[in-house]
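Written below as structure tokens is the structure these notes are about.
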There are 2 protein chains.
Amino acid sequence: MMAGTMPRQSTRSSVPTPALVIDLTALERNVAAMAALAAQWGVHLRPHAKSHKCVPIARRQIAAGAVGVSCATLDEVAAMVAGGVAGLLLTSPLAGEPKFAQLEGLLRRDPGIMVVVDDPAAIGTLDAIANRLGTRLRVLVDFDVGQRRTGCRTAGEAVALAKAIRTTAGLEFGGIQAYAGHIQHICDQEARRSAVAGVADQVRFLRAALEREQLEPQIVTGAGTGSAEFDGPGGVYTELQTGSYIFMDADYLAVDMSAERFSPALFVDTTVVGVQWDNHVITDAGTKAFALNGPPPISAAGERGWTYSYDGDEFGRVTLGPGARRPSRGERLAFIVSHCDPTVVLYPQFVCVRGDAVEEYWGITPRHDYL
Amino acid sequence: MMAGTMPRQSTRSSVPTPALVIDLTALERNVAAMAALAAQWGVHLRPHAKSHKCVPIARRQIAAGAVGVSCATLDEVAAMVAGGVAGLLLTSPLAGEPKFAQLEGLLRRDPGIMVVVDDPAAIGTLDAIANRLGTRLRVLVDFDVGQRRTGCRTAGEAVALAKAIRTTAGLEFGGIQAYAGHIQHICDQEARRSAVAGVADQVRFLRAALEREQLEPQIVTGAGTGSAEFDGPGGVYTELQTGSYIFMDADYLAVDMSAERFSPALFVDTTVVGVQWDNHVITDAGTKAFALNGPPPISAAGERGWTYSYDGDEFGRVTLGPGARRPSRGERLAFIVSHCDPTVVLYPQFVCVRGDAVEEYWGITPRHDYL
């Protein structure tokens with residue numbers, strides 16, 4: 001592990017590029033805005049830590065009122081447990097012995113970690129873990145609402161799982177996860193509203209079926225940054241697991257939301273390394289510096305006529321349209337990232353700035369670290 | 001930094017997924033095969049470390065005869081210097097004060113690091129660094145051969161730069177870099193051969209122009225895994241900077257090469273986490289586990305009728321064609337990666353196996369590490 005080899009810099013403009021930069025003022029504004037919305041809607045917020053994989057950000061979300069954080073992987077759970085962050089929900093159903101073993105180790109440290117299930121066999125495995133640990137685990141039933149990724153396919157299957165959970169000694173039925181990842185990025189607001197309404201109907205149907213079995217779901221979790229404006233006040237979800245709102249990205253900036261409540265807070269700072277071409281300049285940020293899904297990175301300074309593309313691992317290309325300003329060699333250019341979550345995992349830390357001052361370096365949890 | 005939080009496993013099948021796995025037998029075969037080819041062709045090999053970013057692999061390449069390694073970033077150079085790897089060539093022209101400062105720090109530790117230039121202003125900066133360090137730096141002129149990314153646009157510009165280098169006290173003209181990244185993945189062998197021949201003509205023209213000025217290029221470096229079979233014996237390049245041959249990937253497996261000399265050695269191991277759908281199963285490896293460029297991941301076991309796609313950050317989808325085998329929940333599936341280089345940066349280490357035995361965990365150099 002080549003840890004800590006770089007000398008820290010006190011100004012953003014002296015940080016070697018490409019660098020993953022958080023504008024703390026914008027981040028704080030976004031954290032506060034979502035917290036205020038959740039309070040106004042009367043729902044809990046358990047923001048998704050997969051967007052940041054970062055303990056200091058989770059702590060700020062909780063300080064603003066979040067009831068905990070959601071996690072996509074056991075690595076994220078492990079980082080949060082190590083950082084003293086409570087109220088953890090693992091939103092990915094587990095399969096395979098190594099993952100259950102990893103979960104068991106984490107539950108020894110925090111028996112309050114909640115998990116989701118969509119498979120009867122997992123209930124037996126989780127019950128055995130709970131019994132070994134002498135604790136009671138809170139389990140949510142994962143319910144598919146159209147993405148065909150994880151979750152029970154029908155309300156009938158979900159009710160059967162909830163009933164199976166009730167029969168165990170070690171597990172407690174905690175509620176439902178119904179996450180509609182496939183509709184978060186529908187750009188048109190009315191089309192998105194309509195898709196959200198369809199999902200809400202599915203969840204209401206499941207809720208009624210559960211209640212007929214005296215299985216009241218205490219938690220109904222779901223929603224992303226794209227659907228929150230409808231899910232929050234909609235009366236179906238008890239908590240939201242929005243993630244990207246803290247950073248925003250080119251992907252979500254293309255989605256028409258009610259109000260400009262969230263501002264871009266995550267940037268990749270680049271340097272212009274080639275100006276010898278007529279219609280484009282070359283930067284030092286390519287396919288290892290930006291996630292490749294989502295729209296191209298956007299000039300943070302609002303430059304017009306610039307189109308970003310990737311030119312290999314360590315180079316980017318800014319194609320200059322008619323009348324576009326031509327940057328000079330060595331100039332630093334900041335870009336709003338394509339898609340925030342998979343960009344974050346390309347870096348070991350965030351460089352956190354306020355204006356040009358570097359205030360903090362915050363670690364990003366790596367995948368399974370053995371070193 | 002959440003370093004070393006995972007307990008090490010002794011068998012591949014017990015390593016939590018998604019995991020980035022090297023088959024050591026295949027890696028060793030690939031390292032030896034390229035070394036043998038270079039020896040047969042009578043050219044030096046300075047393999048590109050951007051593919052692995054890993055000191056133990058660089059050491060194995062050098063032990064097999066490589067004269068050093070090429071690096072795309074100063075982080076890679078720093079890792080190699082710290083690991084005692086000599087013969088370093090930084091293949092990316094530098095711009096911006098922070099990078100030159102970083103380079104100066106590294107040259108203090110290894111004054112043999114070679115760099116490339118494509119800009120007259122960089123010559124003055126590098127000369128000043130050499131003078132401050134009281135050393136002489138070997139500098140190659142970067143020459144564009146059609147990618148329009150880095151490099152001098154014309155032979156005339158390249159000769160002018162070489163002459164400018166000759167006038168300095170601190171720099172020595174070391175030769176030419178002429179890397180044709182844009183032709184490495186031309187799948188058809190004859191079309192690729194023809195493109196390589198065109199590039200070789202450009203380099204011959206530059207070489208003649210340099211020789212007319214008594215500027216004999218000692219080093220002519222370039223070539224990738226796709227063009228090596230022509231560049232190696234072609235008489236134009238004195239050394240090859242091939243990188244991907246050690247791992248191979250779906251991208252290069254689609255390129256028709258002369259012989260099956262290189263075998264897939266890099267895999268992402270996944271676990272099936274969802275089997276409830278009629279025409280697909282869900283894995284735990286999504287857009288944070290595979291680079292998104294290149295063709296889809298390929299079943300390492302040669303399963304037929306499986307098509308991999310990405311289903312969010314932490315999920316993949318294997319669509320099952322007619323007659324395809326249906327894997328079961330919890331089953332481990334290994335995939336040949338889409339594109340090796342940008343997949344490597346998604347993980348903190350390689351899990352190195354021989355058969356089912358885990359032999360080593362090798363660290364992957366992260367981007368700028370301040371923590």
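Numbering starts fresh at 1 for the residues of each chain in the structure tokens, the chains themselves are lettered A, B, ... in the order given, and ligands are numbered from 1 as they appear.
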- [ ] Tell me the residues of chain A close to chain B, meaning within 6 Å using only C-alpha atoms, as a ChimeraX atom specification.
- [x] /A:1,3-6,14,16,95-96,98,273,288,330,342,346-347,363,367,369-371
Could you take the residues named above and write them with C-alpha atoms, as an mmCIF file, in the first residue's frame?
```cif
data_model
loop_
_atom_site.group_PDB
_atom_site.id
_atom_site.type_symbol
_atom_site.label_atom_id
_atom_site.label_comp_id
_atom_site.auth_asym_id
_atom_site.auth_seq_id
_atom_site.Cartn_x
_atom_site.Cartn_y
_atom_site.Cartn_z
ATOM 1 C CA MET A 1 0.000 0.000 0.000
ATOM 2 C CA ALA A 3 -0.383 5.262 1.486
ATOM 3 C CA GLY A 4 0.252 8.900 2.165
ATOM 4 C CA THR A 5 2.949 9.455 -0.421
ATOM 5 C CA MET A 6 1.703 12.863 -1.563
ATOM 6 C CA SER A 14 -1.689 23.629 -6.158
ATOM 7 C CA PRO A 16 -1.867 17.881 -8.707
ATOM 8 C CA ALA A 95 -25.690 -14.669 -1.400
ATOM 9 C CA GLY A 96 -22.693 -16.968 -1.029
ATOM 10 C CA PRO A 98 -18.092 -15.571 2.112
ATOM 11 C CA VAL A 273 -1.672 19.240 -21.326
ATOM 12 C CA LYS A 288 -9.396 6.359 -15.186
ATOM 13 C CA GLY A 330 -1.178 24.259 -18.023
ATOM 14 C CA PRO A 342 -18.725 5.238 -10.051
ATOM 15 C CA LEU A 346 -11.581 5.870 -8.958
ATOM 16 C CA TYR A 347 -9.917 7.921 -6.206
ATOM 17 C CA GLY A 363 -10.855 8.882 2.603
ATOM 18 C CA ARG A 367 -13.247 -2.394 -2.204
ATOM 19 C CA ASP A 369 -8.748 -4.153 1.373
ATOM 20 C CA TYR A 370 -6.329 -6.907 2.378
ATOM 21 C CA LEU A 371 -3.113 -4.896 2.412
#
```
Open item on the list: Quick one: residues within 7 Å of A:Val55, only C-alpha atoms, excluding same-chain residues fewer than 2 positions away - as a ChimeraX atom specification?
Closed with: /A:53,57-59,80,83
Selection export as an mmCIF file, in the first residue's frame, atoms kept: N, CA and C atoms:
```
data_model
loop_
_atom_site.group_PDB
_atom_site.id
_atom_site.type_symbol
_atom_site.label_atom_id
_atom_site.label_comp_id
_atom_site.auth_asym_id
_atom_site.auth_seq_id
_atom_site.Cartn_x
_atom_site.Cartn_y
_atom_site.Cartn_z
ATOM 1 N N LYS A 53 -19.167 6.725 0.124
ATOM 2 C CA LYS A 53 -18.297 5.740 0.762
ATOM 3 C C LYS A 53 -17.348 6.426 1.754
ATOM 4 N N ILE A 57 -18.709 12.242 5.649
ATOM 5 C CA ILE A 57 -19.947 12.717 5.015
ATOM 6 C C ILE A 57 -21.158 12.077 5.693
ATOM 7 N N ALA A 58 -21.056 10.778 6.006
ATOM 8 C CA ALA A 58 -22.150 10.123 6.731
ATOM 9 C C ALA A 58 -22.426 10.840 8.048
ATOM 10 N N ARG A 59 -21.366 11.206 8.734
ATOM 11 C CA ARG A 59 -21.548 11.900 10.021
ATOM 12 C C ARG A 59 -22.276 13.228 9.839
ATOM 13 N N MET A 80 -18.366 2.142 7.918
ATOM 14 C CA MET A 80 -19.267 2.917 8.776
ATOM 15 C C MET A 80 -19.200 2.406 10.222
ATOM 16 N N GLY A 83 -16.187 3.641 11.750
ATOM 17 C CA GLY A 83 -16.283 5.087 11.990
ATOM 18 C C GLY A 83 -17.341 5.456 13.010
#
```
Task: Long-range neighbours of A:Ala164 as an MDAnalysis selection string, 10 Å cut-off, only C-alpha atoms, 6 positions minimum in chain - done: chainID A and resid 120 123:124 158 171 173
Writing out the chosen residues with N, CA and C atoms as a PDB file, in the first residue's frame:
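Below you can see again21.pdb, which holds the result:
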```pdb
ATOM      1  N   PRO A 120     -35.920 -17.192   0.238  1.00  0.00           N
ATOM      2  CA  PRO A 120     -36.225 -17.949   1.461  1.00  0.00           C
ATOM      3  C   PRO A 120     -34.988 -18.564   2.114  1.00  0.00           C
ATOM      4  N   ILE A 123     -33.117 -16.573   4.729  1.00  0.00           N
ATOM      5  CA  ILE A 123     -33.732 -16.409   6.048  1.00  0.00           C
ATOM      6  C   ILE A 123     -33.154 -17.417   7.036  1.00  0.00           C
ATOM      7  N   GLY A 124     -32.992 -18.646   6.590  1.00  0.00           N
ATOM      8  CA  GLY A 124     -32.386 -19.658   7.455  1.00  0.00           C
ATOM      9  C   GLY A 124     -30.958 -19.304   7.831  1.00  0.00           C
ATOM     10  N   ALA A 158     -43.468 -11.721  -1.451  1.00  0.00           N
ATOM     11  CA  ALA A 158     -42.970 -10.859  -0.375  1.00  0.00           C
ATOM     12  C   ALA A 158     -43.680 -11.173   0.943  1.00  0.00           C
ATOM     13  N   LEU A 171     -34.962 -13.504  13.884  1.00  0.00           N
ATOM     14  CA  LEU A 171     -35.189 -12.386  12.970  1.00  0.00           C
ATOM     15  C   LEU A 171     -36.488 -11.661  13.296  1.00  0.00           C
ATOM     16  N   PHE A 173     -39.268  -9.023  11.429  1.00  0.00           N
ATOM     17  CA  PHE A 173     -39.690  -8.395  10.175  1.00  0.00           C
ATOM     18  C   PHE A 173     -39.722  -6.878  10.370  1.00  0.00           C
TER      19      PHE A 173
END
```
TODO: Could you give me, as a VMD selection string, each residue of stretch 109-198 of chain A that DSSP assigns to strand (DSSP E) when run on this structure's backbone?
DONE: chain A and resid 114 to 117 137 to 142 171 to 177
Atoms to include: all heavy atoms. Write the selected residues as a CSV table (one decimal), in the first residue's frame.
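Output contents, as saved in out14.csv:
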```
chain,number,residue,atom,x,y,z
A,114,MET,N,-29.2,-3.5,9.7
A,114,MET,CA,-30.4,-4.2,9.1
A,114,MET,C,-30.0,-4.7,7.7
A,114,MET,O,-29.2,-4.0,7.0
A,114,MET,CB,-31.5,-3.2,8.9
A,114,MET,CG,-32.1,-2.7,10.3
A,114,MET,SD,-33.5,-1.7,10.0
A,114,MET,CE,-32.8,-0.1,9.5
A,115,VAL,N,-30.6,-5.8,7.3
A,115,VAL,CA,-30.3,-6.3,5.9
A,115,VAL,C,-31.7,-6.5,5.2
A,115,VAL,O,-32.7,-6.5,5.8
A,115,VAL,CB,-29.5,-7.7,6.0
A,115,VAL,CG1,-28.2,-7.4,6.6
A,115,VAL,CG2,-30.3,-8.7,6.8
A,116,VAL,N,-31.6,-6.8,3.9
A,116,VAL,CA,-32.8,-7.1,3.1
A,116,VAL,C,-32.7,-8.5,2.6
A,116,VAL,O,-31.5,-9.0,2.4
A,116,VAL,CB,-32.9,-6.1,2.0
A,116,VAL,CG1,-33.0,-4.7,2.5
A,116,VAL,CG2,-31.9,-6.3,0.9
A,117,VAL,N,-33.8,-9.2,2.4
A,117,VAL,CA,-33.8,-10.5,1.8
A,117,VAL,C,-34.8,-10.6,0.7
A,117,VAL,O,-35.8,-9.8,0.7
A,117,VAL,CB,-34.2,-11.6,2.8
A,117,VAL,CG1,-33.1,-11.7,3.9
A,117,VAL,CG2,-35.5,-11.4,3.5
A,137,LEU,N,-32.1,-10.0,14.6
A,137,LEU,CA,-31.7,-9.1,13.5
A,137,LEU,C,-33.0,-8.6,12.9
A,137,LEU,O,-34.0,-9.3,12.7
A,137,LEU,CB,-30.9,-9.9,12.5
A,137,LEU,CG,-29.7,-10.5,12.9
A,137,LEU,CD1,-29.0,-11.2,11.7
A,137,LEU,CD2,-28.7,-9.5,13.6
A,138,ARG,N,-33.0,-7.3,12.5
A,138,ARG,CA,-34.1,-6.7,11.8
A,138,ARG,C,-33.9,-6.8,10.3
A,138,ARG,O,-32.9,-6.4,9.8
A,138,ARG,CB,-34.1,-5.2,12.2
A,138,ARG,CG,-35.5,-4.7,12.2
A,138,ARG,CD,-35.5,-3.4,13.0
A,138,ARG,NE,-36.7,-2.6,12.8
A,138,ARG,CZ,-36.8,-1.3,12.9
A,138,ARG,NH1,-35.7,-0.6,13.1
A,138,ARG,NH2,-37.9,-0.7,12.7
A,139,VAL,N,-34.9,-7.4,9.7
A,139,VAL,CA,-34.7,-7.8,8.3
A,139,VAL,C,-35.9,-7.2,7.5
A,139,VAL,O,-37.1,-7.2,7.9
A,139,VAL,CB,-34.8,-9.3,8.1
A,139,VAL,CG1,-34.8,-9.7,6.6
A,139,VAL,CG2,-33.6,-10.0,8.9
A,140,LEU,N,-35.6,-6.6,6.3
A,140,LEU,CA,-36.6,-6.0,5.5
A,140,LEU,C,-36.7,-6.9,4.3
A,140,LEU,O,-35.8,-7.6,3.8
A,140,LEU,CB,-36.2,-4.6,4.9
A,140,LEU,CG,-35.7,-3.5,5.9
A,140,LEU,CD1,-35.6,-2.2,5.2
A,140,LEU,CD2,-36.7,-3.4,7.1
A,141,VAL,N,-37.9,-7.0,3.8
A,141,VAL,CA,-38.2,-7.8,2.5
A,141,VAL,C,-38.0,-6.9,1.3
A,141,VAL,O,-38.6,-5.8,1.3
A,141,VAL,CB,-39.6,-8.4,2.6
A,141,VAL,CG1,-39.9,-9.0,1.2
A,141,VAL,CG2,-39.7,-9.4,3.7
A,142,ASP,N,-37.1,-7.3,0.4
A,142,ASP,CA,-36.8,-6.5,-0.8
A,142,ASP,C,-37.8,-6.9,-1.8
A,142,ASP,O,-38.1,-8.0,-2.1
A,142,ASP,CB,-35.4,-6.9,-1.3
A,142,ASP,CG,-34.9,-6.0,-2.3
A,142,ASP,OD1,-35.3,-4.8,-2.4
A,142,ASP,OD2,-34.0,-6.4,-3.1
A,171,LEU,N,-35.0,-13.5,13.9
A,171,LEU,CA,-35.2,-12.4,13.0
A,171,LEU,C,-36.5,-11.7,13.3
A,171,LEU,O,-37.4,-12.3,13.8
A,171,LEU,CB,-35.2,-12.9,11.5
A,171,LEU,CG,-34.1,-13.8,11.1
A,171,LEU,CD1,-34.3,-14.2,9.6
A,171,LEU,CD2,-32.7,-13.1,11.3
A,172,GLU,N,-36.5,-10.4,13.0
A,172,GLU,CA,-37.7,-9.6,13.2
A,172,GLU,C,-38.0,-8.9,11.8
A,172,GLU,O,-37.1,-8.4,11.2
A,172,GLU,CB,-37.4,-8.5,14.2
A,172,GLU,CG,-38.5,-7.5,14.5
A,172,GLU,CD,-38.0,-6.3,15.3
A,172,GLU,OE1,-37.0,-6.4,15.9
A,172,GLU,OE2,-38.8,-5.3,15.3
A,173,PHE,N,-39.3,-9.0,11.4
A,173,PHE,CA,-39.7,-8.4,10.2
A,173,PHE,C,-39.7,-6.9,10.4
A,173,PHE,O,-40.5,-6.4,11.2
A,173,PHE,CB,-41.1,-8.9,9.8
A,173,PHE,CG,-41.7,-8.2,8.6
A,173,PHE,CD1,-41.1,-8.2,7.3
A,173,PHE,CD2,-42.8,-7.4,8.7
A,173,PHE,CE1,-41.6,-7.5,6.3
A,173,PHE,CE2,-43.4,-6.7,7.7
A,173,PHE,CZ,-42.7,-6.7,6.4
A,174,GLY,N,-38.9,-6.2,9.6
A,174,GLY,CA,-38.8,-4.7,9.8
A,174,GLY,C,-39.5,-3.9,8.8
A,174,GLY,O,-39.7,-2.7,9.0
A,175,GLY,N,-39.9,-4.5,7.7
A,175,GLY,CA,-40.6,-3.7,6.7
A,175,GLY,C,-40.2,-4.1,5.3
A,175,GLY,O,-39.8,-5.2,5.0
A,176,ILE,N,-40.2,-3.1,4.4
A,176,ILE,CA,-40.1,-3.3,3.0
A,176,ILE,C,-39.0,-2.4,2.4
A,176,ILE,O,-39.0,-1.2,2.8
A,176,ILE,CB,-41.4,-3.0,2.2
A,176,ILE,CG1,-42.6,-3.7,2.8
A,176,ILE,CG2,-41.2,-3.3,0.7
A,176,ILE,CD1,-43.9,-3.1,2.3
A,177,GLN,N,-38.2,-2.9,1.5
A,177,GLN,CA,-37.4,-2.1,0.6
A,177,GLN,C,-38.0,-2.2,-0.8
A,177,GLN,O,-38.2,-3.3,-1.3
A,177,GLN,CB,-36.0,-2.5,0.5
A,177,GLN,CG,-35.2,-1.8,-0.5
A,177,GLN,CD,-33.7,-2.1,-0.5
A,177,GLN,OE1,-32.9,-1.4,0.1
A,177,GLN,NE2,-33.3,-3.1,-1.2
```
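Among A:Gly84, A:Pro233, A:Pro111, A:Pro264, the residue with the shortest atom-to-atom distance to A:His339, counting only C-alpha atoms, is A:Pro264.
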